[in-house]
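Notes for the one structure printed next.
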Amino acid sequence: MTTLTTPSARVREYGAFAELTKANARELIRDPKNFFFVLVFPLIFMALFLFMGTLNPADGPGGFDPIRSGIPAVLLMAFMSLAFFGTATPLISLRQKGTLRMLGTTPLNRTVFILAQAPVRFAIALGQLAALSAAALATGFLEPSAIGRLLISCALGLAMLFALGYMVAARMRNPELANGVLALIMPVLLMFSGVFLPLEILPEGVRAVAERLPTSYFADALRQDLVGVPGGSITTAWLVMAGVAAVAATVAVTLFSWTDGEKR
Amino acid sequence: MVMLDNGKRAERTESPASPDRKPAIEISDLVKVYGGHRAVNGLSLDVAPGEVFGLLGPNGAGKTTTVECLVGLREPTEGRIEVLGLDPLRDRAEFVRRVSVQPQEASLFPTLTVEETLRLWASLHAAPRGVADTIRRIGLEEQAGVKAKALSGGQRRRLLLGVAVIANPRVLVLDEPAAGLDPQARQRLWDLIRAERADGTTVVLTTHDMTEATELCDRVGIVVGGRLVCLGTPRELVHRLGVAHEVSFETDADLAAVESLDCVTAVKTEGRRVTVVTDDTDEVVRTVAGLAARHIEVRTGQLEDVFLRLAAEHHESTAAERNGASR
C-alpha cells in the first residue's frame, strides 16, 4: 500500500490509529474468550505455583522452589497467550468473518492497522510484568539493579512473540485450526524452554534442539533477570530475539492479506 | 439503450452520460474464471456519473463476482475496469478514497457498538459524514449503543451500509443491500439511495428485487450465465423485449373492434371475461370503452417478466448445449 505523506493524510492516519487502538482495547476486554486467555489464564497458573510453593517451600526437601520457577514460567506463558490467543487468533477470526476484507476496501494503511494492535497489548504486558516483578522483588529474587536489563529482555521477547503471532495470522483464515495448533505448540515451547522442567532431564538430541528455540533464549533471559538464576549469554539471547522479531515481522508484513483467498 | 445478443460477446453499451462526460465506471470485456468455470464471461458496461445502476440476475449469474472485480476484491482474469479513471487494483490507494462498498456478507467488530463502529470507520476516511447523521440515515438511532453482535440480521446489514456511506464516497457499490430487510427498513434504504443520488454519488447495486430495481434504478443490466444479456431503463426493457401488457374486462358485446386493432396480439375469453394481450393498453382501453365494458383492469408488463423470460431462455439454451454435448 502506498505510504501517505500529505499533512491531511498524516492527521487522518493518527485519527485512524487512535480509533483502532480504542477498538482493539474494547475487543480484547469485551470478548470473554480473549479476556480469559489473556488475563485470567496466567493468573490461574500463578495461583497454582503459589499453591505448590506452600506445599514445597524453597527450604523444603527436593531443592525445587516452585515460586522461583513459577514467576518466569507464568510471565512467559502470559506473554505467549497475549501474542498467540490475544493477537493471532482474533486477527484470523476477523479475516474469516470478512471484517479485514471490509477494512481492505478503505484507505486504512495495513501497517497502521497492525501497529494499532500494539498499545493495549503492551499495556497488558506491562501490567503482567509489573505484577510478577513485584512478586520477584518481594521474594528477593529480583535485584533492583537488574530491572533495566529485564525491561530490555521483555521488550525484545514481546516483539519476537508478537511478530511470530502476526506471522501466523498473516494468511490463515480458520481461527479454530489456529487455536488448536497454537494450543499444541504453546505447551511444547514452554516445556522446551526449561521454565517448567530443567532441560537436563531431556534426551541429548531433544535438549540440543530445545536450547536453540528462540523462546528458550527468552525464557533463559527471564530466569536470569527476573529471579536471578544463572544462564547463558544475555547478549546472545537479545540478538536472537531481535533477529527472530525482525525476520518474523518482515514475513508478516509481506504476507499479510486483508482477504481470505485471492491476492488483491 | 442497446440490447445485447444472448450468448455473444457483449458490445460496448452507452450510458446516459453526455458525450463530453467520461463515464464514472467503465467495464470492458470482463472475464473471471474460477477453476474451469467462467463466472463472468465478457461483460462490458458503462455507468454515468450520478447514475443509480442496478445489476440483476438469478443466483450464480455472476453479479457478485462482477461487483467484487469492480471494487478490487478480485482480480479479473481478462478485461479492463476503470472507476473514476482509476484501476481498482493498480491505483488502490486513490481508489479506496473515492469508492465505498457494502459487501453481501461481512461482519464488523462484534463487541463494538453501532456508534463506536461508525466512529472507527469515519476515522479511516478523509472527509467522512457525521456519525450522528449516518446513524439517522440508516435508521439505527435506537440501537446506537447496541453491540454489533446483538443486532438483528437486518440491523447488521444497515450497519454495513452505514460504514459504506459514512465514507462520503463518489461511487457507492452495494451488493444485495435489501437482503434481509423488513419493508420499513427497505423503504429507508431506498430513501438513503435516493439521497445519495441527490448528492451526486454514483450508485451500483445488485438486487433480486424487481420492485427495487424499477423504483430506484436509472438503468438496469440483466446478467445471466456471466453475460450481460440486456441493458436499459426498466421501462425500456419491458417495452423492447415485448413483454405483454394485458387489458381485461367483462362485456357481452362483439369483440371484432378489439380484435382488429394492430396493437392486439391475442384475445382470450372465459365466459364474459375477456383478456386482451397488447403492446398499447391506452388504445385498447379507448376501444373497449365503447363496448359497454365493465370491471376494466390493466396489467402492464413488469421488469420481473423480462427477468423471468431471460432466465428461462438462458436455462433452455444451456440445457440444449448440454444435450448437444452429451450426444
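Letters for chains follow the order of the C-alpha cells (A, B, ...), residue numbers begin at 1 for each chain, and ligand numbers begin at 1 in the order shown.
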
Selection: 6 Å around stretch 224-228 of chain B, only C-alpha atoms, excl. self and same-chain fewer than 3 positions, as a PyMOL selection string: chain B and resi 39-41+43+57+61-62

Please write the residues from the selection above to a file, keeping all heavy atoms, as a PDB file, in the first residue's frame.
```pdb
ATOM      1  N   ALA B  39     -17.165 -17.513 -14.422  1.00  0.00           N
ATOM      2  CA  ALA B  39     -18.231 -16.885 -13.636  1.00  0.00           C
ATOM      3  C   ALA B  39     -18.725 -15.615 -14.316  1.00  0.00           C
ATOM      4  O   ALA B  39     -19.902 -15.286 -14.260  1.00  0.00           O
ATOM      5  CB  ALA B  39     -17.729 -16.565 -12.232  1.00  0.00           C
ATOM      6  N   VAL B  40     -17.799 -14.871 -14.933  1.00  0.00           N
ATOM      7  CA  VAL B  40     -18.160 -13.697 -15.736  1.00  0.00           C
ATOM      8  C   VAL B  40     -17.514 -13.895 -17.100  1.00  0.00           C
ATOM      9  O   VAL B  40     -16.353 -14.266 -17.193  1.00  0.00           O
ATOM     10  CB  VAL B  40     -17.651 -12.390 -15.081  1.00  0.00           C
ATOM     11  CG1 VAL B  40     -18.068 -11.194 -15.932  1.00  0.00           C
ATOM     12  CG2 VAL B  40     -18.198 -12.233 -13.668  1.00  0.00           C
ATOM     13  N   ASN B  41     -18.316 -13.654 -18.146  1.00  0.00           N
ATOM     14  CA  ASN B  41     -17.866 -14.097 -19.470  1.00  0.00           C
ATOM     15  C   ASN B  41     -17.979 -12.985 -20.505  1.00  0.00           C
ATOM     16  O   ASN B  41     -18.892 -12.969 -21.312  1.00  0.00           O
ATOM     17  CB  ASN B  41     -18.710 -15.318 -19.877  1.00  0.00           C
ATOM     18  CG  ASN B  41     -18.124 -16.049 -21.062  1.00  0.00           C
ATOM     19  OD1 ASN B  41     -17.032 -15.716 -21.515  1.00  0.00           O
ATOM     20  ND2 ASN B  41     -18.849 -17.013 -21.569  1.00  0.00           N
ATOM     21  N   LEU B  43     -18.148  -9.350 -20.019  1.00  0.00           N
ATOM     22  CA  LEU B  43     -19.169  -8.357 -19.666  1.00  0.00           C
ATOM     23  C   LEU B  43     -18.623  -6.946 -19.850  1.00  0.00           C
ATOM     24  O   LEU B  43     -17.526  -6.633 -19.403  1.00  0.00           O
ATOM     25  CB  LEU B  43     -19.584  -8.603 -18.212  1.00  0.00           C
ATOM     26  CG  LEU B  43     -20.742  -7.798 -17.638  1.00  0.00           C
ATOM     27  CD1 LEU B  43     -21.503  -8.654 -16.626  1.00  0.00           C
ATOM     28  CD2 LEU B  43     -20.266  -6.525 -16.978  1.00  0.00           C
ATOM     29  N   GLY B  57     -29.984 -10.401 -11.823  1.00  0.00           N
ATOM     30  CA  GLY B  57     -29.678 -11.709 -12.371  1.00  0.00           C
ATOM     31  C   GLY B  57     -30.020 -12.781 -11.375  1.00  0.00           C
ATOM     32  O   GLY B  57     -30.086 -12.503 -10.173  1.00  0.00           O
ATOM     33  N   ALA B  61     -25.410 -15.933 -11.330  1.00  0.00           N
ATOM     34  CA  ALA B  61     -25.291 -15.317 -12.659  1.00  0.00           C
ATOM     35  C   ALA B  61     -23.957 -14.606 -12.843  1.00  0.00           C
ATOM     36  O   ALA B  61     -23.546 -14.356 -13.966  1.00  0.00           O
ATOM     37  CB  ALA B  61     -26.432 -14.327 -12.862  1.00  0.00           C
ATOM     38  N   GLY B  62     -23.295 -14.255 -11.744  1.00  0.00           N
ATOM     39  CA  GLY B  62     -22.015 -13.551 -11.844  1.00  0.00           C
ATOM     40  C   GLY B  62     -22.080 -12.120 -11.345  1.00  0.00           C
ATOM     41  O   GLY B  62     -21.128 -11.355 -11.527  1.00  0.00           O
TER      42      GLY B  62
END
```

Residue neighbourhood B:Thr269, 10 Å, only C-alpha atoms, exclusion window fewer than 4 positions, as a list in words: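 Neighbouring residues, sequence-local ones excluded: Ser248, Phe249, Glu250, Leu255, Arg273, Val274, Thr275 and Val276 of chain B.
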
For those residues, write N, CA, C and O atoms to a file as a PDB file, in the first residue's frame.
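So selection-v7.pdb came out as:
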```
ATOM      1  N   SER B 248     -58.080  -6.533 -19.249  1.00  0.00           N
ATOM      2  CA  SER B 248     -59.176  -7.494 -19.120  1.00  0.00           C
ATOM      3  C   SER B 248     -60.440  -6.747 -18.688  1.00  0.00           C
ATOM      4  O   SER B 248     -60.357  -5.725 -17.986  1.00  0.00           O
ATOM      5  N   PHE B 249     -61.587  -7.261 -19.125  1.00  0.00           N
ATOM      6  CA  PHE B 249     -62.862  -6.597 -18.832  1.00  0.00           C
ATOM      7  C   PHE B 249     -63.986  -7.603 -19.038  1.00  0.00           C
ATOM      8  O   PHE B 249     -63.764  -8.717 -19.538  1.00  0.00           O
ATOM      9  N   GLU B 250     -65.177  -7.175 -18.673  1.00  0.00           N
ATOM     10  CA  GLU B 250     -66.358  -8.016 -18.902  1.00  0.00           C
ATOM     11  C   GLU B 250     -67.262  -7.297 -19.896  1.00  0.00           C
ATOM     12  O   GLU B 250     -67.491  -6.089 -19.770  1.00  0.00           O
ATOM     13  N   LEU B 255     -66.588  -8.553 -30.149  1.00  0.00           N
ATOM     14  CA  LEU B 255     -65.183  -8.153 -29.898  1.00  0.00           C
ATOM     15  C   LEU B 255     -64.423  -7.814 -31.184  1.00  0.00           C
ATOM     16  O   LEU B 255     -63.207  -7.619 -31.153  1.00  0.00           O
ATOM     17  N   ARG B 273     -65.672 -12.791 -19.306  1.00  0.00           N
ATOM     18  CA  ARG B 273     -64.401 -12.108 -19.043  1.00  0.00           C
ATOM     19  C   ARG B 273     -63.488 -12.208 -20.262  1.00  0.00           C
ATOM     20  O   ARG B 273     -63.236 -13.309 -20.786  1.00  0.00           O
ATOM     21  N   VAL B 274     -63.023 -11.076 -20.726  1.00  0.00           N
ATOM     22  CA  VAL B 274     -62.166 -11.034 -21.909  1.00  0.00           C
ATOM     23  C   VAL B 274     -60.797 -10.495 -21.496  1.00  0.00           C
ATOM     24  O   VAL B 274     -60.701  -9.529 -20.737  1.00  0.00           O
ATOM     25  N   THR B 275     -59.748 -11.165 -21.969  1.00  0.00           N
ATOM     26  CA  THR B 275     -58.387 -10.669 -21.711  1.00  0.00           C
ATOM     27  C   THR B 275     -57.718 -10.391 -23.051  1.00  0.00           C
ATOM     28  O   THR B 275     -57.648 -11.278 -23.906  1.00  0.00           O
ATOM     29  N   VAL B 276     -57.262  -9.153 -23.217  1.00  0.00           N
ATOM     30  CA  VAL B 276     -56.623  -8.745 -24.468  1.00  0.00           C
ATOM     31  C   VAL B 276     -55.137  -8.541 -24.204  1.00  0.00           C
ATOM     32  O   VAL B 276     -54.761  -7.801 -23.286  1.00  0.00           O
TER      33      VAL B 276
END
```

Alpha helix (DSSP H) call set, DSSP backbone run, stretch 32-197 of chain B, as a count of residues only: 61

Residues of chain A within 6 Å of chain B, counting only C-alpha atoms, as a ChimeraX atom specification: /A:15-16,19,27,97-99,105-108

Can you write just those residues out, all heavy atoms, as an mmCIF file, in the first residue's frame?
```cif
data_model
loop_
_atom_site.group_PDB
_atom_site.id
_atom_site.type_symbol
_atom_site.label_atom_id
_atom_site.label_comp_id
_atom_site.auth_asym_id
_atom_site.auth_seq_id
_atom_site.Cartn_x
_atom_site.Cartn_y
_atom_site.Cartn_z
ATOM 1 N N GLY A 15 -5.626 9.775 13.471
ATOM 2 C CA GLY A 15 -7.009 9.585 13.919
ATOM 3 C C GLY A 15 -7.409 8.126 13.809
ATOM 4 O O GLY A 15 -8.011 7.566 14.727
ATOM 5 N N ALA A 16 -7.063 7.506 12.683
ATOM 6 C CA ALA A 16 -7.390 6.094 12.482
ATOM 7 C C ALA A 16 -6.658 5.235 13.505
ATOM 8 O O ALA A 16 -7.230 4.300 14.079
ATOM 9 C CB ALA A 16 -7.006 5.672 11.064
ATOM 10 N N GLU A 19 -8.438 5.613 16.893
ATOM 11 C CA GLU A 19 -9.726 4.906 16.934
ATOM 12 C C GLU A 19 -9.530 3.392 16.908
ATOM 13 O O GLU A 19 -10.225 2.651 17.602
ATOM 14 C CB GLU A 19 -10.606 5.330 15.748
ATOM 15 C CG GLU A 19 -11.286 6.664 15.932
ATOM 16 C CD GLU A 19 -12.238 6.723 17.139
ATOM 17 O OE1 GLU A 19 -12.865 5.697 17.454
ATOM 18 O OE2 GLU A 19 -12.340 7.794 17.762
ATOM 19 N N GLU A 27 -12.318 -4.661 21.996
ATOM 20 C CA GLU A 27 -12.470 -6.039 21.538
ATOM 21 C C GLU A 27 -11.794 -7.023 22.488
ATOM 22 O O GLU A 27 -12.339 -8.076 22.807
ATOM 23 C CB GLU A 27 -11.871 -6.195 20.135
ATOM 24 C CG GLU A 27 -12.758 -5.722 19.014
ATOM 25 C CD GLU A 27 -13.852 -6.726 18.688
ATOM 26 O OE1 GLU A 27 -13.557 -7.784 18.132
ATOM 27 O OE2 GLU A 27 -15.015 -6.438 19.018
ATOM 28 N N LYS A 97 -14.353 -13.728 9.183
ATOM 29 C CA LYS A 97 -15.679 -13.095 9.176
ATOM 30 C C LYS A 97 -15.807 -11.993 8.128
ATOM 31 O O LYS A 97 -16.868 -11.395 7.993
ATOM 32 C CB LYS A 97 -15.959 -12.502 10.561
ATOM 33 C CG LYS A 97 -16.174 -13.549 11.627
ATOM 34 C CD LYS A 97 -16.298 -12.877 12.973
ATOM 35 C CE LYS A 97 -16.439 -13.903 14.079
ATOM 36 N NZ LYS A 97 -16.189 -13.303 15.399
ATOM 37 N N GLY A 98 -14.721 -11.705 7.417
ATOM 38 C CA GLY A 98 -14.798 -10.696 6.359
ATOM 39 C C GLY A 98 -14.555 -9.278 6.851
ATOM 40 O O GLY A 98 -14.657 -8.333 6.069
ATOM 41 N N THR A 99 -14.233 -9.119 8.151
ATOM 42 C CA THR A 99 -14.013 -7.763 8.670
ATOM 43 C C THR A 99 -12.747 -7.155 8.067
ATOM 44 O O THR A 99 -12.732 -5.973 7.708
ATOM 45 C CB THR A 99 -13.894 -7.795 10.210
ATOM 46 O OG1 THR A 99 -14.916 -8.636 10.719
ATOM 47 C CG2 THR A 99 -14.037 -6.411 10.799
ATOM 48 N N THR A 105 -11.113 -2.375 1.973
ATOM 49 C CA THR A 105 -11.747 -1.512 0.965
ATOM 50 C C THR A 105 -11.750 -0.045 1.417
ATOM 51 O O THR A 105 -12.405 0.783 0.805
ATOM 52 C CB THR A 105 -13.210 -1.944 0.693
ATOM 53 O OG1 THR A 105 -13.981 -1.766 1.882
ATOM 54 C CG2 THR A 105 -13.288 -3.380 0.238
ATOM 55 N N THR A 106 -11.035 0.248 2.490
ATOM 56 C CA THR A 106 -10.939 1.629 2.986
ATOM 57 C C THR A 106 -9.495 2.125 2.797
ATOM 58 O O THR A 106 -8.599 1.318 2.517
ATOM 59 C CB THR A 106 -11.283 1.702 4.489
ATOM 60 O OG1 THR A 106 -10.202 1.133 5.231
ATOM 61 C CG2 THR A 106 -12.563 0.964 4.820
ATOM 62 N N PRO A 107 -9.272 3.404 3.020
ATOM 63 C CA PRO A 107 -7.889 3.899 2.872
ATOM 64 C C PRO A 107 -6.953 3.480 4.005
ATOM 65 O O PRO A 107 -5.816 3.946 4.052
ATOM 66 C CB PRO A 107 -8.074 5.429 2.888
ATOM 67 C CG PRO A 107 -9.509 5.678 2.594
ATOM 68 C CD PRO A 107 -10.242 4.508 3.147
ATOM 69 N N LEU A 108 -7.401 2.630 4.905
ATOM 70 C CA LEU A 108 -6.554 2.233 6.029
ATOM 71 C C LEU A 108 -5.267 1.562 5.553
ATOM 72 O O LEU A 108 -5.301 0.599 4.778
ATOM 73 C CB LEU A 108 -7.328 1.272 6.948
ATOM 74 C CG LEU A 108 -6.544 0.673 8.104
ATOM 75 C CD1 LEU A 108 -6.060 1.747 9.061
ATOM 76 C CD2 LEU A 108 -7.408 -0.343 8.857
#
```

Length of the atom CA of B:Glu68 to atom CA of A:Met167 vector [Å]: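 According to the coordinates, atom CA of B:Glu68 and atom CA of A:Met167 are separated by 26.8 Å.
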
Atom CA of B:Leu237 to atom CA of B:Phe53, distance in Å rounded to a single decimal: 13.9 Å

Distance in Å - atom CA of B:Gln155 versus atom CA of B:Ala213: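 Going from atom CA of B:Gln155 over to atom CA of B:Ala213 covers 21.6 Å.
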
Best match for closeness to B:Cys217 among B:Val229, B:Ala293, B:Leu205, B:Val114, counting only C-alpha atoms: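 Residue with the minimum atom-to-atom distance to B:Cys217: B:Leu205.
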
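Each of A:Ala18, A:Gly86, A:Ile185, A:Ala73 was checked against A:Pro198 using only C-alpha atoms; the smallest atom-to-atom distance is that of A:Ala73.
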